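S.K.: Before I ask anything, let me first share the structure, which is written out below as structure tokens.
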Amino acid sequence: MTPLTATAVGKRYRTRWAVRDCSFSLPEGKVVALLGANGAGKSTLLRMAAGLVRPTTGELSVFGTPLRGRIHPDVSFLAQNRPLYRDLTVRELVRVGAAMNDRWSADRVREVLALQAGVDHDAKVRTLSAGSVTQVAIAMALGRLPRLLLLDEPLADLDPLAREETLRIIMAEVADRGTTVVMSSHVLADLREVCDHMLLVDEGRVQVDGDVEEVLARHRVLVGPVTDESTVEGELVSATRTQRQSTLLLKDAGPAPEGWAGAEPDLDSLVMGYLRASRERRASAQRG
Amino acid sequence: MTVPRQSEAALPVFAQAVGKKYRRGWALRETSLVIPPNRVVALVGPNGAGKSTLMGLTTGMLRPTTGALTVFGDQPTGKGLHPAVSYLAQQKPLYRQFTVADTLTFGGRTNPSWDQGYAEHLVEQAAVPMNARVGTLSGGQRTRVALALALGKRPRLLLLDEPLADLDPLARETVLGALITEARAHGITVVLSSHVLAELEGVCDHLVLLHDGQVLLAGDVSRLSANGMSLGELALHHMRAAQQGVAA
Amino acid sequence: MLTGVIEFRIDRHSGVSTYMQIVHQVRQAMRLGLLTSGDRLPSAREVVDATAVNPNTVLKAYRELEREGLVEGRRGLGTFVTKSLATEATAGDDAPLRRELGRWMGSAREGGLVVEDVDALYSAVRDEHYPAEERS
Amino acid sequence: MIWASLRLQRLQLLTLLGTLVVGAGVIVLLRSNMIDALDSAQIAHCVRAADQCVAPDGAVKAFRTTWSTPFETAQLLIIGLPALIGVFIGAPLFALELEQGTHVLAFTQSVSRTRWMLSKLVVALVPALVVLVVLQHLVGWWLDAAGSLGPLYNGPFNRVNFAIQGVSPLGYALFAFALGTFLGALTRRTLAAMTAGLVAFVVVRFAVSGLVTGSVFAERRATAVGEVPEQRESGLVLTTGWLDASGQAVPSDRASVLNQACKTTPGGSPNTEEGYLACLRESGFAQNYWDVIPDSRAWQVHLVDVAVFGVLAVVLLAGTTWALRRQS
């Protein structure tokens, strides 16, 4: 049973398509990186998977059940702006969580809150630091005992220590309960060690979908003379060229031709290559 | 800490036992700090360590409770920024209804040392259309415009508070690239605060690490990490140690 | 908490994948005699607590070690080392070769060599004695 | 879920409770003071019929002057409460959550949107209505004690009296509340919803008056021209006019021309009473009639009133549901 499947999903806001013809299927128990440029449709996709936004076209299903405008019981969602009742204390907020859920583990919430350095349970949420607010929001999300955890920019606004602490909480959840996690982030450095699957979207369409290592293995970075690109085999993703040198990111590349050096890209250069290609597409679309 | 033997007037920031107290307590305590010229400085620390306070004191928006701080030898007056200092706040405050050209004109009207040609050049380089409204720009483009506005006054010290938050990786790289190129070309001292240590690596050559209102570590990265530790590791290591010290 | 015998150190800047780092570190610990037959490797959860890496990666590394026949997963109990790679020459702080290398390092340091010098010397000599094609 | 709503509405609920306690205390106190004042002025018996009672010189007038302000204040409170409920309880109910994004928290828990909405509505609305009804009846109890020395003298169809009696305040409060929640869910902005809600409520409240729609309950009374009815029963007179011999109402423009003509003799001098009546009869006026809603049917008019505002409220609440469902 796949945690999340999208079939030709599209979402239009007035005249603009935020997500278009998006199809994918996520494997269970993985940590999925949701990547893409600003405005590529990542948040919309997550909000649709959380049942907050209804797709204009197509269908999403969670653990085999099609979504019908409300959240699936096995899904938890961390929204980007961390919506919490700011006037409540942490303790009261947890009680609200218990009141609003059929399945709720107060123990789990306590456990997660205990992982972080000293959150006062009687402090009002509005007095907490950004890092603590995120961690409280994650604790609330985990209290639902989800099997699919959707995180929209879980690490934004966090200082380096809180970043690590938060990642540890999420990874512990994966280790303990085999939860499938989908997280979007702009900071590739945060994702490198924690993700084993990636989903790269651009202008609402899926560009890359697969196991990180497999995806990396399918791509090559070739560096060679700028004059002679005709001998290179494979599907060109993007290229940067200086006066003498071309650096090409290729998918399903053939062997490096004479005079070219090839290597497997790392996650950074792969994502950057795709983002660069997307920016060029957009720029040329604007021009023409 | 060793203070380079240079006249104070040449130092972008020179703080002597500076403290700042708010109603809820000390945000910065007895801090002595030198920011040497021509550096790209990483200002790092956990939330609440005093980064924003230090920036506020440098811009003159805040007055120190104790001690003194000078910017190129002058004490910030609080009546507007020092002419040689530019500051870019995290929210990148720009008038959304202005066009990019309006924004630059606004910069020209409010800054005596404005270099219109240079600002236009920066916008052009970023491929942002001059007649576009600021409100319609993408995050990366808006940051580039804000940067052009900050650099257009030809500062010698540029303070950037989390300039790259909420930019995608590509925009991050291009913005940072443009920033460093300009800083190097014109000898601008840049102070960059960020939570993402990885993006400061290879960019910053000087580190100021704050913790709990005090300077934990300050100096050139090459000197601080003699054993080949990267800036990120170095900072994280010290932050972790300091946090454990507090907890114990 | 009683953790396993070893603790992994994940270097986020090395460019080597997390999974390979874990595999290497287990192999190295086995060679040095820090891990011997019957020792339990830290559980994925324990590694997560220490390093905040993806537990799937840890499990993948253990599977790789299992494939190599070095460890064995026992359902519900954990992953256990089944072999010893340590020899008298490598295990323990007072193994003769180690002591010899220690003396060498001491004189290198006295001679004013820095880490890079030592690394360069070491790998040059190593490559002399162990040509690349012989190494697996 | 109810607990959550209670906790989130705590400030409003405490305010309501405070209003209730203070309001009730003040009313009880004023009422007992007033009864003392009636006794000491020796006009307690005038409460039944102020026009016919024998009382010390100027005592009635003095009483009315002293007490008119407290009476008006109490009436104003009951008239104003529905608007306050709409503005301070209805409008922020959903707008605040939408504005702060906390609806996303609620929508991503396992309660359904409908249950979330209903529990919020119930927790906000029921206490507000209880407070309103209790205060309304306390004020009514006090005004009853003043009888015809107080505002009740003006009868149940006086606009102010009508607005604070029967089930009407309930209808207004329901409507104001629903209007506030609807605008809140629609605009997603608390301040906008509060302001727009207040304006819209005031406009609709005066445009749709229960007194107008209550005319279905009017009864026609008629007497032969020149005859004086024995006792005119009290009520709200909507129209008066003449009927011809066949019992049809004479169109008013024709009636007024003829009436004017009969007031003078053909010679031009003012007509005598008998001449005037005879002239009317000759002109075809058989009966005098008036359409009246008797005081005894006031409760029915209140029911119509509450039905009209209730239907509006239900429509608005349906609108709120719709706005929240399409919300994301």
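Order determines the names: the first chain of the structure tokens is A, the second B, and so forth; residues in each chain are numbered 1 upward, and ligands are numbered 1 upward as they are shown.
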List every residue of chain A that has an atom at most 6 Å from any atom of chain B, giving for each one its closest atom pair and the distance in Å to one decimal, counting only C-alpha atoms, sorted by chain and then by ascending residue number, as CSV.

M.R.:
```
residue,atom,partner,partner_atom,distance
A:Ala37,CA,B:Asp168,CA,5.2
A:Asn38,CA,B:Asp168,CA,5.6
A:Asp159,CA,B:His195,CA,4.8
A:Pro160,CA,B:His195,CA,5.7
A:His186,CA,B:Asp168,CA,4.9
A:Met272,CA,B:Leu170,CA,5.9
```

S.K.: Take the residues from that selection and write them out as a PDB file, in the first residue's frame, keeping N, CA and C atoms.

M.R.:
```pdb
ATOM      1  N   ALA A  37      12.225  24.909  -7.141  1.00  0.00           N
ATOM      2  CA  ALA A  37      12.456  26.337  -6.976  1.00  0.00           C
ATOM      3  C   ALA A  37      11.322  26.960  -6.184  1.00  0.00           C
ATOM      4  N   ASN A  38      11.495  28.214  -5.778  1.00  0.00           N
ATOM      5  CA  ASN A  38      10.389  28.951  -5.164  1.00  0.00           C
ATOM      6  C   ASN A  38       9.228  28.962  -6.135  1.00  0.00           C
ATOM      7  N   ASP A 159      17.837  27.748  14.224  1.00  0.00           N
ATOM      8  CA  ASP A 159      19.280  27.907  14.309  1.00  0.00           C
ATOM      9  C   ASP A 159      19.930  26.519  14.190  1.00  0.00           C
ATOM     10  N   PRO A 160      21.245  26.492  13.971  1.00  0.00           N
ATOM     11  CA  PRO A 160      21.889  25.203  13.656  1.00  0.00           C
ATOM     12  C   PRO A 160      21.620  24.125  14.694  1.00  0.00           C
ATOM     13  N   HIS A 186      14.561  24.195   1.324  1.00  0.00           N
ATOM     14  CA  HIS A 186      15.384  24.932   0.379  1.00  0.00           C
ATOM     15  C   HIS A 186      16.853  24.691   0.638  1.00  0.00           C
ATOM     16  N   MET A 272      20.868  21.518  -8.368  1.00  0.00           N
ATOM     17  CA  MET A 272      21.200  22.811  -8.983  1.00  0.00           C
ATOM     18  C   MET A 272      21.060  22.728 -10.492  1.00  0.00           C
TER      19      MET A 272
END
```

S.K.: Could you please tell me, as a ChimeraX atom specification, which residues of chain D have an atom within 12 Å of chain A when using only C-alpha atoms?

M.R.: /D:1-11,96-116,119,324-328

S.K.: Selected residues, N, CA, C and O atoms, written as a compact mmCIF listing (two decimals), in the first residue's frame, please.

M.R.:
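Okay, this is what ended up in out32.txt:
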```txt
# COMPACT_ATOMS: atom_id res chain seq x y z
N MET D 1 -13.43 18.29 21.82
CA MET D 1 -13.59 19.42 20.90
C MET D 1 -14.30 20.57 21.57
O MET D 1 -13.94 21.72 21.41
N ILE D 2 -15.33 20.23 22.38
CA ILE D 2 -16.04 21.27 23.10
C ILE D 2 -15.08 21.96 24.06
O ILE D 2 -15.05 23.19 24.17
N TRP D 3 -14.24 21.15 24.73
CA TRP D 3 -13.29 21.74 25.66
C TRP D 3 -12.38 22.71 24.93
O TRP D 3 -12.11 23.82 25.39
N ALA D 4 -11.89 22.28 23.75
CA ALA D 4 -10.99 23.13 22.97
C ALA D 4 -11.68 24.45 22.63
O ALA D 4 -11.10 25.53 22.80
N SER D 5 -12.93 24.36 22.18
CA SER D 5 -13.65 25.58 21.82
C SER D 5 -13.86 26.46 23.04
O SER D 5 -13.72 27.69 22.97
N LEU D 6 -14.17 25.83 24.16
CA LEU D 6 -14.36 26.61 25.39
C LEU D 6 -13.09 27.35 25.75
O LEU D 6 -13.11 28.54 26.06
N ARG D 7 -11.97 26.64 25.65
CA ARG D 7 -10.70 27.27 26.02
C ARG D 7 -10.36 28.41 25.07
O ARG D 7 -9.89 29.47 25.49
N LEU D 8 -10.64 28.22 23.78
CA LEU D 8 -10.30 29.24 22.80
C LEU D 8 -11.21 30.45 22.92
O LEU D 8 -10.85 31.55 22.56
N GLN D 9 -12.42 30.22 23.42
CA GLN D 9 -13.40 31.31 23.54
C GLN D 9 -13.38 31.90 24.95
O GLN D 9 -14.29 32.62 25.32
N ARG D 10 -12.37 31.54 25.73
CA ARG D 10 -12.40 31.88 27.15
C ARG D 10 -12.64 33.36 27.41
O ARG D 10 -13.47 33.74 28.24
N LEU D 11 -11.93 34.20 26.68
CA LEU D 11 -12.05 35.63 26.92
C LEU D 11 -13.49 36.11 26.72
O LEU D 11 -14.06 36.79 27.56
N LEU D 96 -10.60 35.16 12.98
CA LEU D 96 -9.35 35.15 13.72
C LEU D 96 -8.53 33.91 13.38
O LEU D 96 -7.32 33.98 13.19
N GLU D 97 -9.21 32.78 13.28
CA GLU D 97 -8.49 31.55 12.96
C GLU D 97 -7.94 31.59 11.54
O GLU D 97 -6.82 31.18 11.28
N LEU D 98 -8.79 32.11 10.62
CA LEU D 98 -8.34 32.17 9.23
C LEU D 98 -7.18 33.14 9.09
O LEU D 98 -6.25 32.92 8.34
N GLU D 99 -7.29 34.24 9.84
CA GLU D 99 -6.25 35.26 9.76
C GLU D 99 -4.92 34.72 10.28
O GLU D 99 -3.88 34.96 9.70
N GLN D 100 -4.99 33.98 11.38
CA GLN D 100 -3.76 33.48 11.98
C GLN D 100 -3.37 32.11 11.43
O GLN D 100 -2.34 31.57 11.82
N GLY D 101 -4.18 31.56 10.56
CA GLY D 101 -3.85 30.28 9.95
C GLY D 101 -4.09 29.08 10.84
O GLY D 101 -3.75 27.95 10.47
N THR D 102 -4.68 29.29 12.02
CA THR D 102 -4.85 28.16 12.92
C THR D 102 -5.93 27.19 12.44
O THR D 102 -6.00 26.08 12.94
N HIS D 103 -6.73 27.62 11.46
CA HIS D 103 -7.71 26.68 10.91
C HIS D 103 -7.01 25.49 10.27
O HIS D 103 -7.53 24.40 10.26
N VAL D 104 -5.79 25.73 9.79
CA VAL D 104 -5.03 24.63 9.18
C VAL D 104 -4.74 23.58 10.24
O VAL D 104 -4.79 22.38 9.98
N LEU D 105 -4.44 24.03 11.46
CA LEU D 105 -4.22 23.08 12.55
C LEU D 105 -5.47 22.23 12.76
O LEU D 105 -5.41 21.01 12.83
N ALA D 106 -6.62 22.92 12.84
CA ALA D 106 -7.87 22.20 13.08
C ALA D 106 -8.20 21.26 11.93
O ALA D 106 -8.60 20.13 12.15
N PHE D 107 -7.99 21.73 10.69
CA PHE D 107 -8.36 20.93 9.52
C PHE D 107 -7.45 19.73 9.35
O PHE D 107 -7.75 18.81 8.60
N THR D 108 -6.29 19.74 10.01
CA THR D 108 -5.39 18.60 9.86
C THR D 108 -5.44 17.69 11.10
O THR D 108 -4.53 16.93 11.34
N GLN D 109 -6.47 17.83 11.90
CA GLN D 109 -6.74 16.86 12.97
C GLN D 109 -7.90 15.98 12.51
O GLN D 109 -8.48 16.22 11.46
N SER D 110 -8.26 15.01 13.34
CA SER D 110 -9.25 14.08 12.79
C SER D 110 -10.70 14.55 12.91
O SER D 110 -11.57 13.95 12.34
N VAL D 111 -10.96 15.64 13.63
CA VAL D 111 -12.35 16.13 13.64
C VAL D 111 -12.71 16.63 12.25
O VAL D 111 -11.87 17.17 11.55
N SER D 112 -13.96 16.43 11.86
CA SER D 112 -14.36 16.92 10.55
C SER D 112 -14.56 18.43 10.63
O SER D 112 -14.75 18.99 11.70
N ARG D 113 -14.49 19.05 9.45
CA ARG D 113 -14.67 20.50 9.42
C ARG D 113 -16.04 20.88 9.99
O ARG D 113 -16.19 21.88 10.68
N THR D 114 -17.02 20.04 9.68
CA THR D 114 -18.38 20.35 10.13
C THR D 114 -18.46 20.31 11.66
O THR D 114 -19.05 21.19 12.27
N ARG D 115 -17.83 19.28 12.24
CA ARG D 115 -17.90 19.18 13.70
C ARG D 115 -17.14 20.33 14.36
O ARG D 115 -17.58 20.90 15.34
N TRP D 116 -16.00 20.64 13.79
CA TRP D 116 -15.21 21.76 14.29
C TRP D 116 -16.04 23.04 14.26
O TRP D 116 -16.13 23.77 15.25
N SER D 119 -19.06 22.88 16.79
CA SER D 119 -18.71 23.02 18.19
C SER D 119 -18.31 24.46 18.50
O SER D 119 -18.64 25.01 19.54
N LEU D 324 -16.26 28.06 4.56
CA LEU D 324 -15.23 27.30 5.27
C LEU D 324 -14.83 26.04 4.52
O LEU D 324 -13.69 25.62 4.56
N ARG D 325 -15.78 25.47 3.82
CA ARG D 325 -15.48 24.24 3.10
C ARG D 325 -14.55 24.50 1.93
O ARG D 325 -13.69 23.69 1.61
N ARG D 326 -14.74 25.64 1.28
CA ARG D 326 -13.88 25.89 0.12
C ARG D 326 -12.55 26.50 0.59
O ARG D 326 -11.63 26.68 -0.19
N GLN D 327 -12.49 26.81 1.88
CA GLN D 327 -11.27 27.39 2.45
C GLN D 327 -10.14 26.38 2.47
O GLN D 327 -10.38 25.20 2.63
N SER D 328 -8.93 26.83 2.33
CA SER D 328 -7.81 25.91 2.50
C SER D 328 -6.64 26.61 3.15
O SER D 328 -6.58 27.79 3.20
```

S.K.: With the cut-off set at 10 Å and counting only C-alpha atoms, tabulate each residue of chain C with an atom at most that distance from an atom of chain A, showing the nearest atom pair and its distance in Å to one decimal, ordered by chain and increasing number, as a Markdown table.

M.R.:
```
| residue | atom | partner | partner_atom | distance |
| --- | --- | --- | --- | --- |
| C:Ile10 | CA | A:Glu193 | CA | 9.1 |
| C:Asp11 | CA | A:Glu193 | CA | 9.9 |
| C:Arg12 | CA | A:Glu193 | CA | 7.5 |
| C:His13 | CA | A:Ala189 | CA | 9.4 |
| C:Gly15 | CA | A:Asp266 | CA | 8.0 |
| C:Val16 | CA | A:Asp266 | CA | 9.7 |
| C:Ser17 | CA | A:Glu193 | CA | 7.9 |
| C:Thr18 | CA | A:Glu193 | CA | 6.4 |
| C:Tyr19 | CA | A:Glu193 | CA | 9.1 |
| C:Ser43 | CA | A:Ala175 | CA | 9.1 |
| C:Ala44 | CA | A:Ala175 | CA | 6.3 |
| C:Arg45 | CA | A:Ala175 | CA | 5.4 |
| C:Glu46 | CA | A:Ala172 | CA | 8.8 |
| C:Val47 | CA | A:Ala172 | CA | 9.3 |
| C:Val48 | CA | A:Ala172 | CA | 6.1 |
| C:Asp49 | CA | A:Arg168 | CA | 6.4 |
| C:Ala50 | CA | A:Arg168 | CA | 8.4 |
| C:Thr51 | CA | A:Arg168 | CA | 7.5 |
| C:Ala52 | CA | A:Arg168 | CA | 4.3 |
| C:Val53 | CA | A:Val194 | CA | 5.3 |
| C:Asn54 | CA | A:Val194 | CA | 4.5 |
| C:Pro55 | CA | A:Ala175 | CA | 5.5 |
| C:Asn56 | CA | A:Lys30 | CA | 7.3 |
| C:Thr57 | CA | A:Asp196 | CA | 7.6 |
| C:Val58 | CA | A:Ala175 | CA | 9.8 |
| C:Leu59 | CA | A:Ala175 | CA | 9.7 |
```

S.K.: The selected residues should be written to file as a tab-separated table (two decimals), in the first residue's frame (atoms: N, CA and C atoms).

M.R.:
```tsv
chain	number	residue	atom	x	y	z
C	10	ILE	N	29.62	10.75	11.82
C	10	ILE	CA	29.25	11.05	10.43
C	10	ILE	C	29.85	12.40	10.06
C	11	ASP	N	30.69	12.40	9.04
C	11	ASP	CA	31.28	13.65	8.57
C	11	ASP	C	30.43	14.15	7.41
C	12	ARG	N	29.73	15.24	7.66
C	12	ARG	CA	28.79	15.73	6.66
C	12	ARG	C	29.48	16.44	5.49
C	13	HIS	N	30.75	16.64	5.59
C	13	HIS	CA	31.41	17.43	4.54
C	13	HIS	C	32.40	16.60	3.74
C	15	GLY	N	31.89	14.27	1.58
C	15	GLY	CA	31.53	13.90	0.21
C	15	GLY	C	31.29	12.40	0.08
C	16	VAL	N	31.66	11.65	1.10
C	16	VAL	CA	31.38	10.21	1.10
C	16	VAL	C	29.97	10.01	1.65
C	17	SER	N	29.21	9.11	1.02
C	17	SER	CA	27.83	8.97	1.46
C	17	SER	C	27.79	8.40	2.88
C	18	THR	N	26.74	8.75	3.60
C	18	THR	CA	26.59	8.34	4.99
C	18	THR	C	26.68	6.82	5.10
C	19	TYR	N	26.06	6.18	4.14
C	19	TYR	CA	25.98	4.73	4.15
C	19	TYR	C	27.38	4.11	4.06
C	43	SER	N	21.65	-0.06	17.46
C	43	SER	CA	20.42	-0.12	16.68
C	43	SER	C	20.26	1.18	15.89
C	44	ALA	N	19.41	1.11	14.88
C	44	ALA	CA	19.19	2.30	14.06
C	44	ALA	C	18.77	3.48	14.94
C	45	ARG	N	17.92	3.20	15.93
C	45	ARG	CA	17.43	4.27	16.80
C	45	ARG	C	18.59	4.89	17.60
C	46	GLU	N	19.50	4.03	18.05
C	46	GLU	CA	20.65	4.56	18.81
C	46	GLU	C	21.53	5.44	17.93
C	47	VAL	N	21.70	5.02	16.68
C	47	VAL	CA	22.51	5.83	15.77
C	47	VAL	C	21.81	7.16	15.50
C	48	VAL	N	20.50	7.10	15.35
C	48	VAL	CA	19.74	8.34	15.10
C	48	VAL	C	19.91	9.28	16.28
C	49	ASP	N	19.80	8.76	17.49
C	49	ASP	CA	19.95	9.62	18.66
C	49	ASP	C	21.31	10.30	18.70
C	50	ALA	N	22.31	9.58	18.25
C	50	ALA	CA	23.65	10.14	18.32
C	50	ALA	C	23.97	11.06	17.15
C	51	THR	N	23.43	10.78	15.97
C	51	THR	CA	23.90	11.50	14.79
C	51	THR	C	22.81	12.15	13.94
C	52	ALA	N	21.55	11.86	14.21
C	52	ALA	CA	20.44	12.43	13.42
C	52	ALA	C	20.53	12.09	11.94
C	53	VAL	N	21.01	10.90	11.60
C	53	VAL	CA	20.96	10.49	10.19
C	53	VAL	C	19.71	9.64	9.98
C	54	ASN	N	19.45	9.35	8.72
C	54	ASN	CA	18.28	8.58	8.36
C	54	ASN	C	18.46	7.11	8.79
C	55	PRO	N	17.55	6.58	9.61
C	55	PRO	CA	17.71	5.19	10.05
C	55	PRO	C	17.74	4.19	8.90
C	56	ASN	N	17.02	4.53	7.81
C	56	ASN	CA	17.05	3.63	6.64
C	56	ASN	C	18.46	3.45	6.12
C	57	THR	N	19.25	4.54	6.19
C	57	THR	CA	20.63	4.48	5.72
C	57	THR	C	21.45	3.54	6.60
C	58	VAL	N	21.20	3.61	7.90
C	58	VAL	CA	21.92	2.73	8.83
C	58	VAL	C	21.59	1.27	8.49
C	59	LEU	N	20.30	1.02	8.30
C	59	LEU	CA	19.87	-0.35	8.01
C	59	LEU	C	20.45	-0.83	6.68
```

S.K.: Residues of segment 97-193 of chain A classed as alpha helix (DSSP H) by DSSP on the backbone are to be reported as a count of residues only.

M.R.: 49

S.K.: As a list in words, please: every residue in chain C that a backbone DSSP assignment puts in strand (DSSP E).

M.R.: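 DSSP on the backbone gives strand (DSSP E) at Val71, Glu72, Gly73, Arg74, Gly78, Thr79, Phe80 and Val81 of chain C.
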
S.K.: Between atom CA of Leu149 of chain B and atom CA of Ala132 of chain B, what is the distance in Å, rounded to a tenth?

M.R.: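 Atom-to-atom, atom CA of Leu149 of chain B to atom CA of Ala132 of chain B, that is 15.4 Å.
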
S.K.: Would you list the contacts of Val128 of chain B as an NGL selection string, taking every protein, DNA or RNA residue within 7 Å and counting only C-alpha atoms, but skipping same-chain residues closer than 3 positions in sequence?

M.R.: :B and (123-124 or 141)

S.K.: Can you pull out every residue within 10 Å of Gly80 of chain D, counting only C-alpha atoms, but drop anything in the same chain fewer than 4 positions away, and send it as a ChimeraX atom specification?

M.R.: /D:74-76,84-85,164,169,172-173
